[in-house]
Every structure is written in C-alpha cells, then in structure tokens.
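So the structure is just underneath, and the comments pick up after that.
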Amino acid sequence: MSWWDKVKKSGQKTKLRADITLAERESKARQKKFGIDLYNVLANDKQKLLGVAAGTLFKGNQEELKAAFERARDDIAGRLAHKEELQRKRDVLEVKGAHTMPDTTVGEKLNKAGKAVADAGMDTKLRAQQALIDREIKIRKEEFGLEIFHAVKPSDQKERGIKGALSNAISNLSEHEKDIQSVIDLAKKDVEAIDRKIQSLNRQMHLVDPESQPLAPN
C-alpha cells in the first residue's frame, strides 16, 4: 500500500469513527427524549395504568416499569416541592413590593429604593434556582428513558396468542394507553433507524479496515 493510500485510509477511518460516535449520541439523545415524552404521558395516569391491574400494555415488564416510574416520580415530586417553596418566596417579595406605604421623606425613598434593589436581586436568585430545578427534572426524566427504553416493546412486537389479536388489543386500548403506545412506537422506530445507520457505518469501517472492531457505545 502506497503512502497516499495509507493517508486516504486513515482519513476514511477517522470520518467513519466520527460518524459512528455522532450516531450513537443521536440514539442516546432520542432515548432521553423518549423518557421525557413517556414520563409526561404516564404522569397523566387517571386510569392507574401502572397499577396492579394494568392490563396488557406492559405485560411481562409491568413491575419493572412501575418501579422505575415511581422512583422517577418520587425524585421529581421532591424537586417540584422545592420549586413551589421558592415560588412562595417570590410571591412574598411581590406582595411586599406592591403594598408599601407612600414615601414622606428622602430617607424613606432611599430606604425603599435600597429594599427594591435587594428584593429584585433576591427574586433573580430565586428564579435562577427554579430554572436549575427545571433542568434537574428534565435530566431525571431523561434518565428514566435510558433506564427503561430496552424494556418496552413496540406494538408490532407484542406477544399475542392468536393471529389478529394484536390489532384487536390495540383497538381495545383506552385513549391514554394509545398515547403511551404511540410514544413507545415512535421512539422505537427512530432508534431502530439510527441503529441501522450505525450498523451500516460499522460495515463500511470493516471494508476499509477488516481488522477493526465496532466502537463501544458511549
């Protein structure tokens, strides 16, 4: 192999490795988004879908999914309680600012101005803390998605006893269950497409360098 061929081969390998890494990150990002979407749908669980009598949607993995969801829900509930506490403090600052007595002296005006600046600074700090909590909640939902993604199945992989039972089961789902299954199906479809892309890139890598091994997922 000539020097130039080696340079081209090295460049191809570098590009393929970069493409594979980006695709793996894309897959992980999609699974995180799945966690946010699924958690938000499950949190609107008026029919207690993750209860003991959950039915067929999570058959076989019900307890695993229920436990994962409840851990995420409890973590998020704690953060939401903290956020509400911060909001109450902001509300107090707003009420204090709206119900001040008229100024009668220069000293009172200066004192009020100083308090207004201090209160504005405190409100900014509290708002920043709330934004941080929102980010923590988002991350926790993403972790939920990564935790359970491989435990859920798309509707076309559900195990049914007889031919045609799948379509009947889907048609008998409640609207809430259909929303949940839709979130699962869309995420699975997207990730499977990314996985096929990764497999194709790995095959290309093998053609360029037969001794190369598939990159370990990030």
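Residue names in the structure tokens use chain letters A, B, ... in the order shown, residue numbers from 1 in each chain, and ligand numbers from 1 in the order shown.
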
Inset, instruction - For A:Ala68, please output as a ChimeraX atom specification all residues within 12 Å (counting only C-alpha atoms; exclusion window: fewer than 6 positions along the same chain). - result: /A:35,38-39,42,50,61-62,74-75,140-141,143-149,151

Legend entry - Long-range neighbours of stretch 200-210 of chain A as a PyMOL selection string, 12 Å cut-off, only C-alpha atoms, 2 positions minimum in chain: chain A and resi 5-6+8-24+193-198+212-216

Requested write-out: C-alpha atoms of the selected residues, as a short mmCIF file (atom, residue, chain, number, x, y, z; two decimals), in the first residue's frame:
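File written: out-v3.cif
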```cif
data_model
loop_
_atom_site.label_atom_id
_atom_site.label_comp_id
_atom_site.auth_asym_id
_atom_site.auth_seq_id
_atom_site.Cartn_x
_atom_site.Cartn_y
_atom_site.Cartn_z
CA ASP A 5 -3.35 5.10 0.11
CA LYS A 6 -2.50 4.88 3.80
CA LYS A 8 -6.70 8.13 2.49
CA LYS A 9 -7.49 5.01 4.52
CA SER A 10 -6.66 6.79 7.76
CA GLY A 11 -8.88 9.71 6.76
CA GLN A 12 -11.78 7.40 5.91
CA LYS A 13 -11.45 5.60 9.24
CA THR A 14 -11.37 8.88 11.15
CA LYS A 15 -14.51 10.12 9.39
CA LEU A 16 -16.34 6.84 9.92
CA ARG A 17 -15.44 6.78 13.62
CA ALA A 18 -16.73 10.33 13.97
CA ASP A 19 -19.96 9.45 12.14
CA ILE A 20 -20.49 6.39 14.35
CA THR A 21 -19.90 8.41 17.51
CA LEU A 22 -22.38 11.07 16.38
CA ALA A 23 -24.98 8.42 15.52
CA GLU A 24 -24.57 6.77 18.93
CA ALA A 193 -33.38 3.70 12.14
CA ILE A 194 -30.33 5.12 13.92
CA ASP A 195 -29.16 1.60 14.82
CA ARG A 196 -29.37 0.59 11.17
CA LYS A 197 -27.26 3.62 10.30
CA ILE A 198 -24.66 2.60 12.91
CA SER A 212 -11.33 -3.02 13.01
CA GLN A 213 -13.80 -3.77 15.79
CA PRO A 214 -17.17 -1.99 16.24
CA LEU A 215 -16.83 1.01 18.51
CA ALA A 216 -18.12 0.52 22.03
#
```

Legend entry - Top pick for closest residue to A:Glu64, considering A:Lys89, A:Glu211, A:Gln181, A:His150 and counting only C-alpha atoms: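 Among A:Lys89, A:Glu211, A:Gln181, A:His150, it is A:His150 that comes nearest to A:Glu64.
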
Legend entry - Using only C-alpha atoms: which of A:Asp123, A:Asp179, A:Glu84, A:Glu26 has the shortest distance to A:Asn44: A:Asp179

Legend entry - atom CA of A:Val152 to atom CA of A:Ala67, straight-line distance in Å: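 Distance between the two atoms: 13.7 Å.
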
Legend entry - Selection near A:Ile180, 8 Å with only C-alpha atoms, sequence-local residues under 3 positions removed, as a count of residues only: 7

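Taking only C-alpha atoms, the non-local environment of A:Asp134 within 12 Å (same-chain residues fewer than 2 positions away omitted) comprises Ile76, Ala77, Gly78, Arg79, Leu80, Ala81, His82, Lys83, Glu84, Arg127, Ala128, Gln129, Gln130, Ala131, Leu132, Glu136, Ile137, Lys138, Ile139, Arg140 and Lys141 of chain A.
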
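For the atom pair formed by atom CA of A:Gln31 and atom CA of A:Leu65, the distance is 15.2 Å, given to one decimal.
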
Inset, instruction - Tell me, as a list in words, which residues lie within 10 Å of A:Ala43, counting only C-alpha atoms; anything in the same chain fewer than 5 positions away does not count. - result: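 Here the qualifying residues turn out to be Leu38, Lys48, Phe69, Glu70 and Arg73 of chain A.
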
Inset, instruction - Give me, please, the distance in Å between atom CA of A:Asp156 and atom CA of A:Glu175, quoted to one decimal. - result: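 Pair atom CA of A:Asp156 / atom CA of A:Glu175 returns 18.2 Å.
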